[in-house]
Amino acid sequence: MAKCVITLGVIVRQGAGKIEIVWASRKLERDCLNDRNGVQRFGPERWTLIKRRLESLASAPTLADMRGVPGNCHPLTGDRAGQFAISLTGSYRLVFRPDHEPIPLQADGGIDRQLVTRILIEGVVDYHGD
């Protein structure tokens, strides 16, 4: 899995103290790390937001630091329990999950966002239509 993210249109390696981003597929990685591919796959408006959301994730030391950041990073429930989403356009979301083994949990069984420092981007989806 790749350990790169897009920051201001430039691919950079993750540094210490930042969330490490990996990808569910090479195609998703290519589309999210290249402006031309991103615009083609997601459209210009959604692509602009995807880049901003990825930059926010790449800049945060932990997932807990995403609270209050534009896009409303929030945990999902039901059949998507364990995943998180960040709002894009309409009902589209950037969906990811913690990529730790084991997943860091709180005493109540919820994911401990303070300990999440690596995520797996699963895709850009309209899960409201599922």
# chains A, B, ... in the order shown; residues from 1 in each chain; ligands from 1
>>> residues_around(residues="segment 112-119 of chain A", least_positions_apart="2", cutoff="12 Å", atoms="only C-alpha atoms", output="JSON, numbers by chain")
{"A": [1, 2, 3, 4, 5, 14, 15, 16, 17, 18, 19, 20, 21, 22, 23, 24, 54, 57, 58, 59, 60, 61, 62, 63, 64, 65, 66, 67, 73, 74, 75, 82, 83, 84, 85, 94, 95, 96, 97, 98, 99, 100, 101, 102, 103, 104, 105, 106, 107, 108, 109, 110, 121, 122, 123]}
>>> atom_distance(atom1="atom CA of Trp47 of chain A", atom2="atom CA of Arg80 of chain A")
23.5 Å
>>> closest_residue(among="A:Ser25, A:Gln40, A:Ser56, A:Thr48", to="Leu88 of chain A", atoms="only C-alpha atoms")
A:Thr48
>>> select_by_dssp(residues="chain A", states="strand (DSSP E)", output="ChimeraX atom specification")
/A:4-7,10-13,20-23,74-75,84-87,93-98,118-125
>>> write_last_selection(atoms="N, CA and C atoms", output="CSV table (one decimal), in the first residue's frame")
chain,number,residue,atom,x,y,z
A,4,CYS,N,1.6,7.8,0.4
A,4,CYS,CA,1.7,9.1,-0.1
A,4,CYS,C,0.3,9.8,0.0
A,5,VAL,N,0.3,11.1,0.0
A,5,VAL,CA,-0.9,11.9,-0.1
A,5,VAL,C,-0.7,13.1,-1.0
A,6,ILE,N,-1.8,13.7,-1.4
A,6,ILE,CA,-1.6,14.9,-2.3
A,6,ILE,C,-1.7,16.1,-1.4
A,7,THR,N,-0.8,17.0,-1.6
A,7,THR,CA,-0.9,18.3,-0.8
A,7,THR,C,-0.6,19.4,-1.8
A,10,VAL,N,0.8,18.3,-5.1
A,10,VAL,CA,2.1,17.7,-5.1
A,10,VAL,C,2.1,16.5,-4.3
A,11,ILE,N,2.6,15.4,-4.8
A,11,ILE,CA,2.7,14.1,-4.0
A,11,ILE,C,3.8,14.3,-3.0
A,12,VAL,N,3.5,14.0,-1.7
A,12,VAL,CA,4.6,14.1,-0.7
A,12,VAL,C,4.5,12.8,0.2
A,13,ARG,N,5.6,12.5,0.7
A,13,ARG,CA,5.7,11.4,1.7
A,13,ARG,C,5.2,11.9,3.0
A,20,GLU,N,-1.0,8.7,8.6
A,20,GLU,CA,-0.5,8.0,7.4
A,20,GLU,C,-1.7,7.6,6.6
A,21,ILE,N,-1.7,7.8,5.3
A,21,ILE,CA,-2.9,7.4,4.4
A,21,ILE,C,-2.4,6.3,3.5
A,22,VAL,N,-3.3,5.3,3.4
A,22,VAL,CA,-3.1,4.2,2.5
A,22,VAL,C,-4.4,4.0,1.7
A,23,TRP,N,-4.4,3.3,0.6
A,23,TRP,CA,-5.5,3.3,-0.3
A,23,TRP,C,-6.0,1.9,-0.5
A,74,HIS,N,-17.0,12.2,10.6
A,74,HIS,CA,-17.9,11.5,11.6
A,74,HIS,C,-17.9,10.0,11.4
A,75,PRO,N,-18.1,9.3,12.5
A,75,PRO,CA,-18.1,7.8,12.4
A,75,PRO,C,-19.4,7.4,11.8
A,84,PHE,N,-15.4,5.8,8.8
A,84,PHE,CA,-15.7,7.3,9.0
A,84,PHE,C,-16.0,7.9,7.7
A,85,ALA,N,-16.6,9.0,7.7
A,85,ALA,CA,-16.9,9.7,6.4
A,85,ALA,C,-16.6,11.2,6.6
A,86,ILE,N,-16.3,11.9,5.5
A,86,ILE,CA,-16.1,13.3,5.4
A,86,ILE,C,-17.0,13.8,4.3
A,87,SER,N,-17.8,14.8,4.5
A,87,SER,CA,-18.7,15.3,3.5
A,87,SER,C,-18.0,15.9,2.3
A,93,ARG,N,-19.5,11.2,0.0
A,93,ARG,CA,-18.6,11.2,1.2
A,93,ARG,C,-17.3,10.5,0.8
A,94,LEU,N,-16.2,11.0,1.4
A,94,LEU,CA,-14.9,10.4,1.4
A,94,LEU,C,-15.0,9.4,2.6
A,95,VAL,N,-14.9,8.1,2.3
A,95,VAL,CA,-15.1,7.1,3.3
A,95,VAL,C,-13.7,6.4,3.6
A,96,PHE,N,-13.4,6.2,4.9
A,96,PHE,CA,-12.2,5.6,5.3
A,96,PHE,C,-12.4,4.9,6.6
A,97,ARG,N,-11.4,4.1,6.9
A,97,ARG,CA,-11.4,3.4,8.2
A,97,ARG,C,-10.0,3.4,8.8
A,98,PRO,N,-9.9,3.3,10.1
A,98,PRO,CA,-8.6,3.2,10.8
A,98,PRO,C,-7.9,1.9,10.2
A,118,ARG,N,-3.2,6.1,11.3
A,118,ARG,CA,-3.1,5.5,10.0
A,118,ARG,C,-4.5,5.1,9.5
A,119,ILE,N,-4.9,5.6,8.3
A,119,ILE,CA,-6.2,5.3,7.8
A,119,ILE,C,-6.1,4.7,6.4
A,120,LEU,N,-7.2,3.9,6.0
A,120,LEU,CA,-7.3,3.4,4.7
A,120,LEU,C,-8.4,4.0,4.0
A,121,ILE,N,-8.2,4.8,2.9
A,121,ILE,CA,-9.2,5.4,2.1
A,121,ILE,C,-9.9,4.3,1.3
A,122,GLU,N,-11.2,4.2,1.6
A,122,GLU,CA,-12.0,3.1,0.9
A,122,GLU,C,-12.7,3.6,-0.4
A,123,GLY,N,-12.9,4.9,-0.5
A,123,GLY,CA,-13.5,5.4,-1.7
A,123,GLY,C,-14.3,6.7,-1.5
A,124,VAL,N,-14.8,7.2,-2.6
A,124,VAL,CA,-15.8,8.3,-2.6
A,124,VAL,C,-17.1,7.7,-3.0
A,125,VAL,N,-18.0,7.7,-2.1
A,125,VAL,CA,-19.3,7.0,-2.3
A,125,VAL,C,-20.5,7.9,-2.0
>>> atom_distance(atom1="atom CA of Glu45 of chain A", atom2="atom CA of Ser91 of chain A")
13.6 Å
